[in-house]
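Structure file final37.cif (mmCIF, C-alpha atoms) is printed below.
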data_upload
#
loop_
_atom_site.label_atom_id
_atom_site.label_comp_id
_atom_site.auth_asym_id
_atom_site.auth_seq_id
_atom_site.Cartn_x
_atom_site.Cartn_y
_atom_site.Cartn_z
CA MET A 1 85.63 -25.02 -30.92
CA ALA A 2 83.41 -25.26 -27.88
CA TYR A 3 81.12 -22.39 -26.94
CA SER A 4 80.88 -21.40 -23.30
CA ASP A 5 77.65 -22.13 -21.44
CA LYS A 6 76.77 -18.45 -21.40
CA VAL A 7 77.20 -18.16 -25.16
CA LEU A 8 75.03 -21.23 -25.68
CA ASP A 9 72.39 -19.85 -23.33
CA HIS A 10 72.17 -16.54 -25.22
CA TYR A 11 72.31 -18.34 -28.55
CA GLN A 12 69.49 -20.71 -27.67
CA ASN A 13 67.40 -18.14 -25.77
CA PRO A 14 68.38 -14.78 -27.21
CA ARG A 15 67.04 -11.86 -25.17
CA ASN A 16 65.37 -8.84 -26.73
CA VAL A 17 65.27 -9.98 -30.34
CA GLY A 18 63.26 -7.65 -32.53
CA SER A 19 62.99 -4.13 -33.82
CA LEU A 20 61.98 -0.72 -32.56
CA ASP A 21 60.56 2.01 -34.78
CA LYS A 22 63.65 3.53 -36.36
CA ASP A 23 61.74 6.74 -37.14
CA ASP A 24 60.85 7.34 -33.50
CA PRO A 25 62.91 10.36 -32.34
CA ASN A 26 63.61 8.57 -29.04
CA VAL A 27 65.01 5.51 -30.78
CA GLY A 28 68.65 5.20 -31.82
CA THR A 29 69.61 2.57 -34.40
CA GLY A 30 73.07 1.17 -35.04
CA VAL A 31 73.78 -1.23 -37.88
CA VAL A 32 77.31 -2.57 -38.20
CA GLY A 33 78.93 -5.43 -40.07
CA ALA A 34 82.01 -7.61 -40.21
CA PRO A 35 82.39 -8.14 -43.95
CA GLU A 36 85.08 -10.82 -43.77
CA CYS A 37 82.62 -13.19 -42.08
CA GLY A 38 79.47 -11.67 -43.56
CA ASP A 39 78.02 -10.85 -40.12
CA VAL A 40 75.61 -8.00 -39.58
CA MET A 41 74.24 -6.67 -36.31
CA LYS A 42 71.41 -4.20 -35.73
CA LEU A 43 71.02 -2.80 -32.26
CA GLN A 44 68.38 -0.29 -31.18
CA ILE A 45 67.81 1.66 -28.01
CA LYS A 46 64.79 3.63 -26.86
CA VAL A 47 65.67 6.43 -24.47
CA GLY A 48 63.27 7.94 -21.94
CA ASP A 49 63.03 11.62 -21.01
CA ASP A 50 65.33 11.02 -18.04
CA GLY A 51 68.16 9.86 -20.32
CA LYS A 52 67.75 6.22 -19.28
CA ILE A 53 67.43 3.44 -21.82
CA VAL A 54 63.93 2.01 -21.44
CA ASP A 55 64.16 -0.62 -24.15
CA ALA A 56 66.77 -2.30 -26.32
CA LYS A 57 66.36 -4.71 -29.23
CA PHE A 58 68.69 -6.47 -31.59
CA LYS A 59 68.78 -8.54 -34.73
CA THR A 60 71.98 -10.31 -35.63
CA TYR A 61 72.90 -12.42 -38.59
CA GLY A 62 76.05 -14.26 -37.72
CA CYS A 63 77.67 -16.91 -35.57
CA GLY A 64 76.68 -17.90 -32.04
CA SER A 65 79.20 -15.54 -30.47
CA ALA A 66 77.89 -12.58 -32.44
CA ILE A 67 74.32 -13.37 -31.39
CA ALA A 68 75.35 -13.87 -27.76
CA SER A 69 77.37 -10.62 -27.74
CA SER A 70 74.44 -8.57 -28.99
CA SER A 71 71.92 -10.36 -26.78
CA LEU A 72 74.08 -9.68 -23.72
CA ALA A 73 74.57 -6.07 -24.80
CA THR A 74 70.81 -5.44 -24.89
CA GLU A 75 70.51 -6.90 -21.36
CA TRP A 76 73.14 -4.49 -20.10
CA LEU A 77 71.65 -1.54 -21.96
CA LYS A 78 68.16 -1.81 -20.51
CA GLY A 79 67.87 0.53 -17.55
CA ALA A 80 71.31 2.04 -18.08
CA SER A 81 71.86 5.74 -18.70
CA VAL A 82 73.04 6.68 -22.17
CA ASP A 83 76.30 7.94 -20.72
CA SER A 84 77.08 4.71 -18.91
CA ALA A 85 76.01 2.69 -21.98
CA ALA A 86 78.58 4.60 -23.99
CA GLN A 87 81.23 3.28 -21.60
CA ILE A 88 80.55 -0.40 -22.31
CA LYS A 89 83.71 -2.00 -23.66
CA ASN A 90 84.04 -5.09 -25.78
CA THR A 91 86.46 -6.54 -23.22
CA GLN A 92 83.61 -6.71 -20.69
CA ILE A 93 81.60 -8.78 -23.16
CA VAL A 94 84.61 -11.03 -23.82
CA GLU A 95 84.98 -11.60 -20.11
CA GLU A 96 81.30 -12.25 -19.39
CA LEU A 97 80.92 -14.72 -22.27
CA SER A 98 84.45 -16.22 -22.04
CA LEU A 99 84.95 -15.60 -25.75
CA PRO A 100 88.06 -17.17 -27.28
CA PRO A 101 90.53 -14.93 -29.15
CA VAL A 102 89.11 -15.85 -32.59
CA LYS A 103 85.70 -14.53 -31.50
CA ILE A 104 86.81 -11.24 -30.00
CA HIS A 105 85.74 -9.43 -33.17
CA CYS A 106 82.14 -10.38 -32.34
CA SER A 107 82.35 -8.39 -29.11
CA VAL A 108 83.94 -5.49 -31.01
CA LEU A 109 80.97 -5.57 -33.36
CA ALA A 110 78.60 -5.33 -30.38
CA GLU A 111 80.51 -2.36 -28.95
CA ASP A 112 80.44 -0.67 -32.36
CA ALA A 113 76.70 -1.31 -32.62
CA ILE A 114 76.06 0.25 -29.18
CA LYS A 115 78.13 3.31 -30.12
CA ALA A 116 76.39 3.65 -33.49
CA ALA A 117 72.95 3.42 -31.83
CA ILE A 118 73.86 6.09 -29.27
CA GLU A 119 75.32 8.30 -31.98
CA ASP A 120 72.12 7.96 -34.01
CA TRP A 121 69.98 8.85 -30.98
CA ARG A 122 72.17 11.88 -30.17
CA ARG A 123 71.97 13.06 -33.77
CA LYS A 124 68.18 12.89 -33.60
CA GLN A 125 68.15 14.76 -30.30
CA SER A 126 70.29 17.61 -31.56
CA ALA A 127 68.29 17.77 -34.80
CA ARG A 128 65.16 18.07 -32.71
CA GLU A 129 66.67 20.84 -30.58
CA ASP A 130 67.85 22.67 -33.70
CA GLY A 131 64.39 22.22 -35.19
CA ALA A 132 62.72 23.53 -32.04
CA GLY A 133 65.09 26.52 -31.99
CA ALA A 134 64.50 27.33 -35.64
CA GLY A 135 60.77 26.92 -35.30
CA ALA A 136 60.47 29.28 -32.33
CA MET B 1 111.83 -18.92 -39.92
CA ILE B 2 111.76 -16.03 -42.33
CA HIS B 3 108.41 -15.11 -43.76
CA VAL B 4 108.67 -14.39 -47.47
CA PRO B 5 105.42 -12.94 -48.80
CA ALA B 6 104.05 -15.05 -51.64
CA PRO B 7 104.01 -13.36 -55.03
CA ASP B 8 100.55 -12.30 -56.14
CA PRO B 9 98.73 -14.92 -58.23
CA PHE B 10 98.82 -12.82 -61.40
CA THR B 11 102.61 -12.68 -61.20
CA VAL B 12 102.77 -16.45 -60.59
CA PHE B 13 100.76 -17.01 -63.76
CA GLY B 14 102.61 -14.31 -65.71
CA LEU B 15 99.34 -12.50 -66.40
CA PRO B 16 98.47 -8.81 -66.30
CA ARG B 17 96.39 -7.83 -63.28
CA ALA B 18 92.90 -7.94 -64.70
CA LEU B 19 89.48 -8.61 -63.25
CA ASP B 20 88.12 -10.45 -66.24
CA LEU B 21 90.11 -13.48 -67.36
CA ASP B 22 89.24 -16.03 -70.00
CA GLU B 23 88.62 -19.05 -67.78
CA ARG B 24 89.44 -21.60 -70.46
CA ALA B 25 92.75 -19.92 -71.27
CA LEU B 26 93.44 -19.67 -67.56
CA GLU B 27 92.93 -23.40 -67.08
CA GLN B 28 95.17 -24.23 -70.01
CA ARG B 29 97.84 -21.99 -68.61
CA TYR B 30 97.50 -23.70 -65.25
CA LEU B 31 97.92 -27.13 -66.80
CA ARG B 32 100.96 -26.01 -68.79
CA LEU B 33 102.61 -24.36 -65.78
CA SER B 34 101.94 -27.44 -63.65
CA ARG B 35 103.49 -29.73 -66.26
CA GLU B 36 106.52 -27.49 -66.59
CA CYS B 37 107.35 -27.61 -62.95
CA HIS B 38 106.20 -31.09 -62.06
CA PRO B 39 108.72 -32.52 -59.57
CA ASP B 40 108.97 -35.78 -61.53
CA ARG B 41 109.83 -33.94 -64.70
CA LEU B 42 112.38 -31.62 -63.23
CA ARG B 43 114.89 -33.98 -61.75
CA ALA B 44 116.29 -31.77 -59.10
CA THR B 45 119.99 -32.34 -58.72
CA ASP B 46 120.31 -31.12 -55.18
CA ALA B 47 118.11 -30.45 -52.20
CA GLY B 48 117.96 -26.69 -52.83
CA ASP B 49 116.55 -27.17 -56.32
CA CYS B 50 114.09 -29.69 -55.02
CA ILE B 51 112.67 -27.25 -52.49
CA ALA B 52 112.49 -24.51 -55.10
CA VAL B 53 110.55 -26.78 -57.46
CA LEU B 54 108.11 -27.83 -54.75
CA GLN B 55 107.64 -24.24 -53.70
CA ARG B 56 106.95 -23.17 -57.27
CA ALA B 57 104.44 -26.01 -57.66
CA ALA B 58 102.67 -24.94 -54.46
CA GLU B 59 102.57 -21.32 -55.62
CA ILE B 60 101.01 -22.36 -58.91
CA ASN B 61 98.35 -24.40 -57.15
CA ASP B 62 97.54 -21.60 -54.69
CA ALA B 63 97.41 -19.02 -57.48
CA TRP B 64 95.09 -21.27 -59.50
CA GLN B 65 92.66 -21.59 -56.59
CA VAL B 66 92.52 -17.80 -56.33
CA LEU B 67 92.39 -16.90 -60.01
CA ARG B 68 89.68 -19.39 -60.95
CA ASP B 69 87.26 -17.84 -58.42
CA PRO B 70 86.20 -14.38 -59.67
CA TRP B 71 85.69 -12.88 -56.21
CA ARG B 72 88.93 -14.25 -54.79
CA ARG B 73 90.65 -13.00 -57.93
CA ALA B 74 89.14 -9.56 -57.32
CA ARG B 75 90.43 -9.55 -53.73
CA ALA B 76 93.91 -10.58 -54.90
CA LEU B 77 93.90 -7.88 -57.55
CA LEU B 78 92.96 -5.17 -55.06
CA GLU B 79 95.54 -6.35 -52.51
CA ALA B 80 98.25 -6.48 -55.18
CA GLU B 81 97.40 -2.99 -56.43
CA ARG B 82 97.01 -1.42 -53.01
CA PRO B 83 98.00 -3.58 -50.01
CA GLY B 84 95.63 -3.24 -47.05
CA VAL B 85 92.81 -1.72 -49.10
CA LEU B 86 90.32 -4.43 -48.08
CA GLU B 87 91.15 -4.08 -44.41
CA ARG B 88 90.82 -0.29 -44.53
CA ASN B 89 87.37 -0.35 -46.13
CA LYS B 90 85.49 -2.70 -43.85
CA ARG B 91 83.11 -0.02 -42.63
CA LEU B 92 80.07 -0.40 -44.84
CA ASP B 93 77.10 1.87 -45.34
CA PRO B 94 74.48 1.23 -42.59
CA GLY B 95 71.73 1.36 -45.23
CA PHE B 96 73.39 -1.45 -47.13
CA LEU B 97 73.89 -3.47 -43.94
CA ALA B 98 70.23 -3.04 -43.00
CA SER B 99 69.22 -4.40 -46.40
CA ALA B 100 71.69 -7.28 -45.97
CA LEU B 101 69.99 -8.09 -42.66
CA ASP B 102 66.57 -8.07 -44.36
CA LEU B 103 67.90 -10.44 -47.02
CA ALA B 104 69.34 -12.78 -44.40
CA GLU B 105 65.96 -12.85 -42.67
CA ALA B 106 64.17 -13.52 -45.94
CA VAL B 107 66.55 -16.43 -46.59
CA ALA B 108 65.95 -17.81 -43.10
CA ASP B 109 62.17 -17.60 -43.58
CA ALA B 110 62.03 -18.79 -47.20
CA ARG B 111 60.06 -21.97 -47.77
CA GLY B 112 59.23 -23.93 -50.91
CA ALA B 113 58.17 -21.74 -53.79
CA ALA B 114 59.56 -18.60 -52.13
CA THR B 115 63.15 -19.75 -52.60
CA ALA B 116 63.27 -19.47 -56.42
CA PRO B 117 62.57 -15.71 -56.65
CA LEU B 118 64.92 -15.11 -53.74
CA ARG B 119 67.67 -17.06 -55.48
CA ALA B 120 67.08 -15.00 -58.65
CA GLN B 121 67.22 -11.79 -56.60
CA LEU B 122 70.51 -12.76 -54.96
CA THR B 123 72.05 -13.88 -58.25
CA ALA B 124 71.08 -10.53 -59.78
CA ALA B 125 72.52 -8.69 -56.77
CA LEU B 126 75.83 -10.52 -57.20
CA ALA B 127 75.93 -9.68 -60.91
CA ALA B 128 75.27 -6.03 -60.03
CA ASP B 129 78.05 -6.16 -57.41
CA TRP B 130 80.45 -7.45 -60.04
CA ASP B 131 79.50 -4.69 -62.52
CA ARG B 132 79.95 -2.07 -59.83
CA LEU B 133 83.31 -3.56 -58.86
CA ARG B 134 84.45 -3.57 -62.50
CA GLY B 135 83.45 0.08 -62.93
CA HIS B 136 85.35 1.12 -59.80
CA VAL B 137 88.46 -0.82 -60.84
CA LEU B 138 88.39 0.71 -64.33
CA ARG B 139 88.19 4.19 -62.82
CA GLY B 140 90.94 3.39 -60.31
CA GLU B 141 88.55 3.80 -57.35
CA LEU B 142 90.07 1.01 -55.30
CA ASP B 143 88.51 1.99 -51.96
CA ALA B 144 85.02 1.84 -53.45
CA ALA B 145 86.01 -1.39 -55.23
CA ALA B 146 87.03 -2.91 -51.89
CA ARG B 147 83.65 -1.97 -50.40
CA ALA B 148 81.90 -3.58 -53.37
CA VAL B 149 83.85 -6.79 -52.73
CA HIS B 150 82.85 -6.71 -49.05
CA GLU B 151 79.21 -6.09 -49.91
CA SER B 152 79.21 -8.97 -52.37
CA HIS B 153 80.22 -11.29 -49.54
CA TYR B 154 76.83 -10.76 -47.90
CA HIS B 155 75.08 -11.80 -51.11
CA THR B 156 77.38 -14.81 -51.60
CA LYS B 157 76.72 -15.90 -48.04
CA ALA B 158 72.95 -15.46 -48.34
CA LEU B 159 72.98 -17.50 -51.55
CA HIS B 160 75.04 -20.18 -49.84
CA ASP B 161 72.58 -20.28 -46.92
CA LEU B 162 69.68 -20.55 -49.34
CA ASP B 163 71.33 -23.44 -51.18
CA ALA B 164 72.09 -25.16 -47.87
CA LYS B 165 68.36 -25.20 -47.07
CA SER B 166 67.26 -27.08 -50.15
#
As structure tokens - that is how I would like this structure written.
Amino acid sequence: MAYSDKVLDHYQNPRNVGSLDKDDPNVGTGVVGAPECGDVMKLQIKVGDDGKIVDAKFKTYGCGSAIASSSLATEWLKGASVDSAAQIKNTQIVEELSLPPVKIHCSVLAEDAIKAAIEDWRRKQSAREDGAGAGA
Amino acid sequence: MIHVPAPDPFTVFGLPRALDLDERALEQRYLRLSRECHPDRLRATDAGDCIAVLQRAAEINDAWQVLRDPWRRARALLEAERPGVLERNKRLDPGFLASALDLAEAVADARGAATAPLRAQLTAALAADWDRLRGHVLRGELDAAARAVHESHYHTKALHDLDAKS
């Protein structure tokens, strides 16, 4: 199966590989997996006070399409608002990377990772608000 | 064409659905079953019989490939007991997945002398996965058993990657 040029580009030069401090209250971490292929994807976002994503990092263990999907996702996340990030759909990733049907699950994994990271960040935010309320 | 679901491998071999099988006895059973339905031995009188014999031979071969591999056997057992259980339990604990990612990184970075302890660690992790799986199956916790099977796949894959490096 041939990879598209965009997949190869992200695979050979992945953007935003790395980690953010998962204990930072402004960082949301999502870790998701596709057990049937043994893939795992970690995606992290750092959100500024204005609700915009200031940084995004990923680490993916999996095939070229999974790496490309998460690499592309971090590119789209940087500078986006949390609300618009939550709207990213796997079909947009499929389209951008020209993923074949057998690799669609890689884009689903990326969407799941984005959602999990946002959920984690929101949980931290509400915990902080609760904490501030209780402390006052 | 009508799709007839294949019988589960335990049924093909006439064995109770069990996780632990005596591998020597299993192989002997395979050889006996194969002899019994060898196309040359059973001189099929008409085309219908011939197809049935070939189909039975194919089923025996497929079942053998599954039963001889403990993890494939485990998957077959879970699917036979509760169809769809593996598919429904694909969401794994993020903490586990994070550790699987660390292991994959360690495998990718391992050089020379570092590979032996890593191989021992992964082998131990797989043995622990199997024990956990067995416990869940004994207690009838098939959802948790399915997750244990999925988690083991990460360790199998990491071990495979490690072996591919040397």
Task: Proximity to chain B - best of A:Asp39, A:Glu129, A:Asp21, A:Asp55, all atoms listed in the file - done: A:Asp39
Mind dumping a table of every chain B residue within 8 Å of chain A, with the nearest atom pair and its distance in Å to one decimal, using all atoms listed in the file, sorted by chain and rising number, as a tab-separated table?
residue	atom	partner	partner_atom	distance
B:Lys90	CA	A:Pro35	CA	6.3
B:Arg91	CA	A:Gly33	CA	7.3
B:Leu92	CA	A:Gly33	CA	7.0
B:Pro94	CA	A:Val31	CA	5.4
B:Leu97	CA	A:Val31	CA	6.5
B:Ala98	CA	A:Val31	CA	6.5
B:Ala100	CA	A:Val40	CA	7.5
B:Leu101	CA	A:Val40	CA	6.4
B:Ala104	CA	A:Tyr61	CA	6.8
B:His150	CA	A:Pro35	CA	5.3
B:Glu151	CA	A:Pro35	CA	7.1
B:His153	CA	A:Gly38	CA	6.0
B:Tyr154	CA	A:Gly38	CA	5.2
B:Lys157	CA	A:Gly38	CA	6.7
Could you write out the selected residues, including C-alpha atoms, as an mmCIF file, in the coordinates of the input?
data_model
loop_
_atom_site.group_PDB
_atom_site.id
_atom_site.type_symbol
_atom_site.label_atom_id
_atom_site.label_comp_id
_atom_site.auth_asym_id
_atom_site.auth_seq_id
_atom_site.Cartn_x
_atom_site.Cartn_y
_atom_site.Cartn_z
ATOM 1 C CA LYS B 90 85.490 -2.700 -43.850
ATOM 2 C CA ARG B 91 83.110 -0.020 -42.630
ATOM 3 C CA LEU B 92 80.070 -0.400 -44.840
ATOM 4 C CA PRO B 94 74.480 1.230 -42.590
ATOM 5 C CA LEU B 97 73.890 -3.470 -43.940
ATOM 6 C CA ALA B 98 70.230 -3.040 -43.000
ATOM 7 C CA ALA B 100 71.690 -7.280 -45.970
ATOM 8 C CA LEU B 101 69.990 -8.090 -42.660
ATOM 9 C CA ALA B 104 69.340 -12.780 -44.400
ATOM 10 C CA HIS B 150 82.850 -6.710 -49.050
ATOM 11 C CA GLU B 151 79.210 -6.090 -49.910
ATOM 12 C CA HIS B 153 80.220 -11.290 -49.540
ATOM 13 C CA TYR B 154 76.830 -10.760 -47.900
ATOM 14 C CA LYS B 157 76.720 -15.900 -48.040
#
Open item on the list: For the PyMOL selection byres ((chain A and resi 74) around 8), applied here, can you spell out every residue it catches as a PyMOL selection string?
Closed with: chain A and resi 15-16+43+56-58+70-73+75-78
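Applied to this file, the PyMOL selection byres ((chain A and resi 103) around 10) selects Cys63, Gly64, Ser65, Ala66, Ser69, Val94, Ser98, Leu99, Pro100, Pro101, Val102, Ile104, His105, Cys106, Ser107 and Val108 of chain A.
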Please write the residues from the selection above to a file, keeping C-alpha atoms, as an mmCIF file, keeping the file's coordinate frame.
data_model
loop_
_atom_site.group_PDB
_atom_site.id
_atom_site.type_symbol
_atom_site.label_atom_id
_atom_site.label_comp_id
_atom_site.auth_asym_id
_atom_site.auth_seq_id
_atom_site.Cartn_x
_atom_site.Cartn_y
_atom_site.Cartn_z
ATOM 1 C CA CYS A 63 77.670 -16.910 -35.570
ATOM 2 C CA GLY A 64 76.680 -17.900 -32.040
ATOM 3 C CA SER A 65 79.200 -15.540 -30.470
ATOM 4 C CA ALA A 66 77.890 -12.580 -32.440
ATOM 5 C CA SER A 69 77.370 -10.620 -27.740
ATOM 6 C CA VAL A 94 84.610 -11.030 -23.820
ATOM 7 C CA SER A 98 84.450 -16.220 -22.040
ATOM 8 C CA LEU A 99 84.950 -15.600 -25.750
ATOM 9 C CA PRO A 100 88.060 -17.170 -27.280
ATOM 10 C CA PRO A 101 90.530 -14.930 -29.150
ATOM 11 C CA VAL A 102 89.110 -15.850 -32.590
ATOM 12 C CA ILE A 104 86.810 -11.240 -30.000
ATOM 13 C CA HIS A 105 85.740 -9.430 -33.170
ATOM 14 C CA CYS A 106 82.140 -10.380 -32.340
ATOM 15 C CA SER A 107 82.350 -8.390 -29.110
ATOM 16 C CA VAL A 108 83.940 -5.490 -31.010
#
Contacts of B:Asp62 within 10 Å, all atoms listed in the file, excl. fewer than 6 positions in-chain, as a CSV table (one decimal) with C-alpha atoms, keeping the file's coordinate frame:
chain,number,residue,atom,x,y,z
B,6,ALA,CA,104.0,-15.0,-51.6
B,8,ASP,CA,100.6,-12.3,-56.1
B,9,PRO,CA,98.7,-14.9,-58.2
B,12,VAL,CA,102.8,-16.4,-60.6
B,56,ARG,CA,107.0,-23.2,-57.3
- [ ] Quick one: everything within 12 Å of stretch 109-118 of chain B, counting all atoms listed in the file, minus sequence neighbours fewer than 6 positions away in the same chain. Send it as a list in words.
- [x] Asp102, Leu103, Ala124, Ala125, His155, Ala158, Leu159, His160, Asp161, Leu162, Asp163, Ala164, Lys165 and Ser166 of chain B
- [ ] To one decimal in Å, tell me the separation between atom CA of A:Lys46 and atom CA of A:Gly18.
- [x]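 Rounded to one decimal, the two atoms are 12.7 Å apart.
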TODO: Tell me, as a ChimeraX atom specification, which residues lie within 10 Å of A:Lys124, counting only C-alpha atoms; anything in the same chain fewer than 3 positions away does not count.
DONE: /A:23-28,118-121,127-130
Open item on the list: I need the output of the PyMOL selection byres ((chain A and resi 52) around 9) for this file as an MDAnalysis selection string; which residues are they?
Closed with: chainID A and resid 46:51 53:54 78:83
- [ ] Pick out the residues sitting within 12 Å of B:Glu59, and hand them over as a list of chain:residue names; count only C-alpha atoms, and ignore anything fewer than 5 positions along from it in its own chain.
- [x]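 Returned residues: B:Pro5, B:Ala6, B:Pro7, B:Asp8, B:Pro9, B:Phe10, B:Thr11, B:Val12, B:Phe13, B:Tyr30, B:Leu33, B:Ser34, B:Cys37, B:Ala52, B:Val53, B:Leu54, B:Trp64, B:Gln65, B:Val66, B:Leu67.
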Task: Coordinates-based distance that separates atom CA of B:Gly135 from atom CA of B:Arg73 (Å, one decimal) - done: 15.7 Å
Open item on the list: What does the structure give for the distance between atom CA of B:Glu81 and atom CA of B:Arg24, in Å to one decimal?
Closed with: 24.6 Å
Find the spatial neighbours of B:Trp130, counting all atoms listed in the file, within a cut-off of 10 Å - ignore same-chain residues fewer than 2 positions away - and output them as a PDB file with C-alpha atoms, in the coordinates of the input.
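Saved file result.pdb follows:
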ATOM      1  CA  LEU B  19      89.480  -8.610 -63.250  1.00  0.00           C
ATOM      2  CA  PRO B  70      86.200 -14.380 -59.670  1.00  0.00           C
ATOM      3  CA  TRP B  71      85.690 -12.880 -56.210  1.00  0.00           C
ATOM      4  CA  ALA B  74      89.140  -9.560 -57.320  1.00  0.00           C
ATOM      5  CA  ALA B 124      71.080 -10.530 -59.780  1.00  0.00           C
ATOM      6  CA  ALA B 125      72.520  -8.690 -56.770  1.00  0.00           C
ATOM      7  CA  LEU B 126      75.830 -10.520 -57.200  1.00  0.00           C
ATOM      8  CA  ALA B 127      75.930  -9.680 -60.910  1.00  0.00           C
ATOM      9  CA  ALA B 128      75.270  -6.030 -60.030  1.00  0.00           C
ATOM     10  CA  ARG B 132      79.950  -2.070 -59.830  1.00  0.00           C
ATOM     11  CA  LEU B 133      83.310  -3.560 -58.860  1.00  0.00           C
ATOM     12  CA  ARG B 134      84.450  -3.570 -62.500  1.00  0.00           C
ATOM     13  CA  GLY B 135      83.450   0.080 -62.930  1.00  0.00           C
ATOM     14  CA  HIS B 136      85.350   1.120 -59.800  1.00  0.00           C
ATOM     15  CA  ALA B 145      86.010  -1.390 -55.230  1.00  0.00           C
ATOM     16  CA  ALA B 148      81.900  -3.580 -53.370  1.00  0.00           C
ATOM     17  CA  VAL B 149      83.850  -6.790 -52.730  1.00  0.00           C
ATOM     18  CA  SER B 152      79.210  -8.970 -52.370  1.00  0.00           C
TER      19      SER B 152
END
Open item on the list: Let me make sure I understand: among B:Arg88, B:His38, B:Arg139, B:Arg72, which one has the smallest atom-to-atom distance to B:Thr156 if we use only C-alpha atoms?
Closed with: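 Among the listed residues, B:Arg72 lies closest to B:Thr156.
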Kindly complete stretch 99-115 of chain A to N, CA and C atoms; the output should be written as an mmCIF file, in the frame of the given file.
data_model
loop_
_atom_site.group_PDB
_atom_site.id
_atom_site.type_symbol
_atom_site.label_atom_id
_atom_site.label_comp_id
_atom_site.auth_asym_id
_atom_site.auth_seq_id
_atom_site.Cartn_x
_atom_site.Cartn_y
_atom_site.Cartn_z
ATOM 1 N N LEU A 99 84.725 -15.423 -24.309
ATOM 2 C CA LEU A 99 84.950 -15.600 -25.750
ATOM 3 C C LEU A 99 86.426 -15.908 -26.026
ATOM 4 N N PRO A 100 86.670 -16.875 -26.904
ATOM 5 C CA PRO A 100 88.060 -17.170 -27.280
ATOM 6 C C PRO A 100 88.592 -16.084 -28.217
ATOM 7 N N PRO A 101 89.930 -16.003 -28.336
ATOM 8 C CA PRO A 101 90.530 -14.930 -29.150
ATOM 9 C C PRO A 101 89.942 -14.811 -30.566
ATOM 10 N N VAL A 102 89.622 -15.933 -31.213
ATOM 11 C CA VAL A 102 89.110 -15.850 -32.590
ATOM 12 C C VAL A 102 87.715 -15.237 -32.666
ATOM 13 N N LYS A 103 87.053 -15.098 -31.501
ATOM 14 C CA LYS A 103 85.700 -14.530 -31.500
ATOM 15 C C LYS A 103 85.640 -13.138 -30.879
ATOM 16 N N ILE A 104 86.796 -12.572 -30.611
ATOM 17 C CA ILE A 104 86.810 -11.240 -30.000
ATOM 18 C C ILE A 104 86.160 -10.207 -30.930
ATOM 19 N N HIS A 105 86.329 -10.405 -32.233
ATOM 20 C CA HIS A 105 85.740 -9.430 -33.170
ATOM 21 C C HIS A 105 84.220 -9.349 -33.040
ATOM 22 N N CYS A 106 83.595 -10.422 -32.546
ATOM 23 C CA CYS A 106 82.140 -10.380 -32.340
ATOM 24 C C CYS A 106 81.781 -9.378 -31.245
ATOM 25 N N SER A 107 82.610 -9.329 -30.200
ATOM 26 C CA SER A 107 82.350 -8.390 -29.110
ATOM 27 C C SER A 107 82.645 -6.956 -29.576
ATOM 28 N N VAL A 108 83.637 -6.819 -30.456
ATOM 29 C CA VAL A 108 83.940 -5.490 -31.010
ATOM 30 C C VAL A 108 82.753 -4.995 -31.822
ATOM 31 N N LEU A 109 82.141 -5.918 -32.550
ATOM 32 C CA LEU A 109 80.970 -5.570 -33.360
ATOM 33 C C LEU A 109 79.842 -5.066 -32.452
ATOM 34 N N ALA A 110 79.651 -5.753 -31.310
ATOM 35 C CA ALA A 110 78.600 -5.330 -30.380
ATOM 36 C C ALA A 110 78.895 -3.947 -29.820
ATOM 37 N N GLU A 111 80.158 -3.699 -29.458
ATOM 38 C CA GLU A 111 80.510 -2.360 -28.950
ATOM 39 C C GLU A 111 80.264 -1.306 -30.026
ATOM 40 N N ASP A 112 80.670 -1.614 -31.254
ATOM 41 C CA ASP A 112 80.440 -0.670 -32.360
ATOM 42 C C ASP A 112 78.950 -0.405 -32.563
ATOM 43 N N ALA A 113 78.141 -1.461 -32.419
ATOM 44 C CA ALA A 113 76.700 -1.310 -32.620
ATOM 45 C C ALA A 113 76.093 -0.411 -31.536
ATOM 46 N N ILE A 114 76.543 -0.591 -30.277
ATOM 47 C CA ILE A 114 76.060 0.250 -29.180
ATOM 48 C C ILE A 114 76.414 1.718 -29.481
ATOM 49 N N LYS A 115 77.674 1.942 -29.854
ATOM 50 C CA LYS A 115 78.130 3.310 -30.120
ATOM 51 C C LYS A 115 77.355 3.938 -31.275
#
